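Participant: Please see the structure below; I have some questions.
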Amino acid sequence: MFDPVVLTPEQLRAVTYDGGNLLIVAGAGTGKTATLTARLAHLVAGGVPAERILMLTFSRRAARELLARAEQAAGEAVSGAWGGTFHAVANRLLRRHSRALGLSPSFTVMDQSDSADLLDLVRKDLEGAGGDGSGGPQRRRARKRTLADIRSRCVNTSTTLSEVLRAHYPWCADERAEIKATFEAYTGRKRSNGVLDYDDLLLSWATLLRLPDVATLLQRQFDHILVDEYQDTNPLQADLLESMSQGGPLVTAVGDDAQSIYSFRAATHRNIMEFPARFGAEVVTLERNHRSTPSLLAATNAVIAGAKHRHPKQLWSARRDRELAVLLKCDDESDQARQVCRRVLHHQESGTALMSQAVLVRTAHHSDVLELELAARNIPYVKFGGLRFLETAHVKDLLCTLRIVENPSDELAWFRILQLLEGVGPATARQVTARLLAAPQPIDALACSAPELLQGAEEPAVELARTLAEAVGISGHSAGSVVQRVRIWLDPVLTARYRKSRARLEDLDRLQRGADSQPSLGHFLADLTLDPPSFSSDLAGPPHLDDDYLTISTIHSAKGCEWDVVHVIHATDGNIPSDLATGDPETVEEERRLLYVAMTRARNHLYVYAPLRYYVRPTGRDDAHGYARLSRFLTAQVVDHMEETTSSPAVHAPAAQQRPTPKASMAAVDDMLAALWD
DNA sequence: CTACCGGAACTTTTT
DNA sequence: GTTCCGGTAG
């Protein structure tokens, strides 16, 4: 870990600046976190109470890291500072001030897949009522997920539906009227259910700031606001920041326009370009890279040199040199997987632990073949990004049950949970949900009217009602005890419903342990949706924490991280840039920055892999294949700074390199045995 | 009305 | 692999 004992003059200037608002333009690896940490410590040492400092970071993890490091420098006084994502902070402020908006403080928060589910529910309702009953063959409609994406894009970029459809979803254009009606109904449903989605959190915060009394309160609450990764904020977030800073707190923003990779979430690097003028801010630029060797920097500088419109800076490094970045052309995907394993093991043998190495991918499934190879060789790894833990069915089942306890008007939660009852499908669930929500006390209503509403399932329904009522009774206690109570009902249901139920129940065990440390059910639920565990939903979860493991991560999730050895795979056109992103020039530029972010994660060694042949069928018996081109961003100028190699089939890693698994072996046997009993 | 099966179409990145 | 649709049996 880099931790400069002495700050560079530029860093020192950024840390101690006290003339007003400040923008720190910090290139990749220039000690951005160290600088921000030092500034935080400096402010507290200078007498600013920690709780009057607000840190807006890209993930809660980043906030925690910042705090932990500042505590090392400045001691306990630092803890107590506010920190988290825009969404998490919005949640926290809204819990306190929601009444001003006519919103119940026990609102629940929906994640993106909940949002898609509710849209689907609403759409079906409209269908039933509107009566397109022409009976004609239903044309294929947008998937619910697509519906959610369209809506989110409209909201986040403040673009009209027609425009978004035209530009990004032309095949849905003839559904425009139906989509519009669905969106309108969706908003109404969220309001009456007391539920907010991600966009609502930001919009509601902005609305709070339009109420003069509340606005004054919020603005006077803080003396300093520090914003990390400013290049990835969207226009709404910039507005929020401006409103918050009116007549009060000073803003320090940190970012690098060359690393802006979230435009699909409406982030715009115009925010960072316009910051100095809009906030009347001083600019400090950090150009000295402390992370990478000069040869690696030469390659990454060449990648970003091809970009248009950027804040001019030239990164340099005073580190001793090692080796050139390596460009490795592989035969095909499985060759690529073998090559990665071989180099990972090589570095491990020469003293670089797996923990200090990472494989970076453009999309989550790019590592599929590699994961097979890693498993075959017993190389432990943890994957970040991609399919998430919270998206798995059994986890949603638990969370939705808890959401009813927290907010009995949560329609989507009811709709899902009722279907867990034997013999209840979508139609019954929808009808019953409507009836329950019409009652003042939905849970009591379920207990009373179960026989009438749910013939054939009345006993399980009464059991569910009793569970919910009792859970509500203890919901003032720790979240852990509520989870415990709910699982008495839920566990048997899940066991009957899912095949690999043992592993699924273990997931719930993990969640329950997490709940134990939460002060309330509301905290627990909000925490999970706003700061979900970032590893993917591999039911086994991460290996034992003290074990050494390799990291596989999407490039997006790797932002802000660094490793001694980095492997970037699938550096071919169609993958980086992604085929889906080659439509307009702006998006292609973003893909270039994505490759730049990936390559700049490396401290000492960087490998870029390009499989030249892709099989049409991944597991193909036949030999159907196509040829890939090297990523267009790896131009001659870039490759000049790299060592170019072709993998020769003769040097496959010997199978003897398989590593023994010391303690895990008996556990693995147990697992296999246990799986037989399912 | 539900449960289940088969065919067809799709498949980024994340708060 | 997943998701969505339509058909069929109970």
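In the structure tokens, chains take letters A, B, ... by order of appearance, with residues numbered from 1 within each chain and ligands from 1 in the order shown.
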Env of region 100-106 of chain A: 12 Å cut, atoms = only C-alpha atoms (C1' of nucleotides), seq-sep filter 4 positions within chain, self excluded. Answer as JSON, numbers by chain.
Facilitator: {"A": [91, 92, 93, 94, 95, 96, 190, 191, 192, 193, 194, 195, 196, 200, 201, 203, 204, 205, 206, 207, 208, 209, 210, 211, 212, 213, 214, 215, 403, 404, 405, 406, 407, 408, 409, 410, 520, 521, 522, 523, 525, 526]}
Participant: Skip DC10 (chain B) itself and residues of its chain fewer than 3 positions away, then list as a list of chain:residue names all residues within 10 Å of it, counting only C-alpha atoms (C1' of nucleotides).
Facilitator: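 Here the qualifying residues turn out to be A:Arg143, C:DT2, C:DT3.
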Participant: Taking N, CA and C atoms (P, O5', C5', C4', C3', O3' and C1' of nucleotides) for each residue, export the selection above as a PDB file, in the first residue's frame.
Facilitator:
```pdb
ATOM      1  N   ARG A 143     -39.056  -6.366 -22.196  1.00  0.00           N
ATOM      2  CA  ARG A 143     -38.945  -7.108 -20.945  1.00  0.00           C
ATOM      3  C   ARG A 143     -39.016  -6.119 -19.788  1.00  0.00           C
TER       4      ARG A 143
ATOM      5  P    DT C   2     -30.089 -19.592 -14.524  1.00  0.00           P
ATOM      6  O5'  DT C   2     -30.877 -18.452 -15.295  1.00  0.00           O
ATOM      7  C5'  DT C   2     -30.212 -17.241 -15.601  1.00  0.00           C
ATOM      8  C4'  DT C   2     -31.132 -16.368 -16.413  1.00  0.00           C
ATOM      9  C3'  DT C   2     -32.565 -16.387 -15.893  1.00  0.00           C
ATOM     10  O3'  DT C   2     -32.947 -15.058 -15.617  1.00  0.00           O
ATOM     11  C1'  DT C   2     -32.501 -16.774 -18.252  1.00  0.00           C
ATOM     12  P    DT C   3     -34.296 -14.737 -14.889  1.00  0.00           P
ATOM     13  O5'  DT C   3     -35.269 -14.240 -16.053  1.00  0.00           O
ATOM     14  C5'  DT C   3     -34.768 -13.319 -17.019  1.00  0.00           C
ATOM     15  C4'  DT C   3     -35.792 -13.206 -18.127  1.00  0.00           C
ATOM     16  C3'  DT C   3     -37.240 -13.240 -17.629  1.00  0.00           C
ATOM     17  O3'  DT C   3     -37.957 -12.274 -18.363  1.00  0.00           O
ATOM     18  C1'  DT C   3     -36.920 -14.900 -19.243  1.00  0.00           C
TER      19       DT C   3
END
```
Participant: Which residues of chain B are close to chain A, meaning at most 7 Å apart when you count only C-alpha atoms (C1' of nucleotides), and how do they look as an MDAnalysis selection string?
Facilitator: chainID B and resid 2 12:13 15
Participant: What's around region 502-513 of chain A at 8 Å? Count only C-alpha atoms (C1' of nucleotides), leave out sequence neighbours fewer than 2 positions away in its own chain, and write the answer as number ranges by chain.
Facilitator: A: 394-395, 398, 480, 483-484, 491, 495, 500, 515-517, 539-540, 678
Participant: Record the distance separating CA of Tyr498 (chain A) and CA of Leu412 (chain A), expressed in Å with one decimal.
Facilitator: 21.1 Å
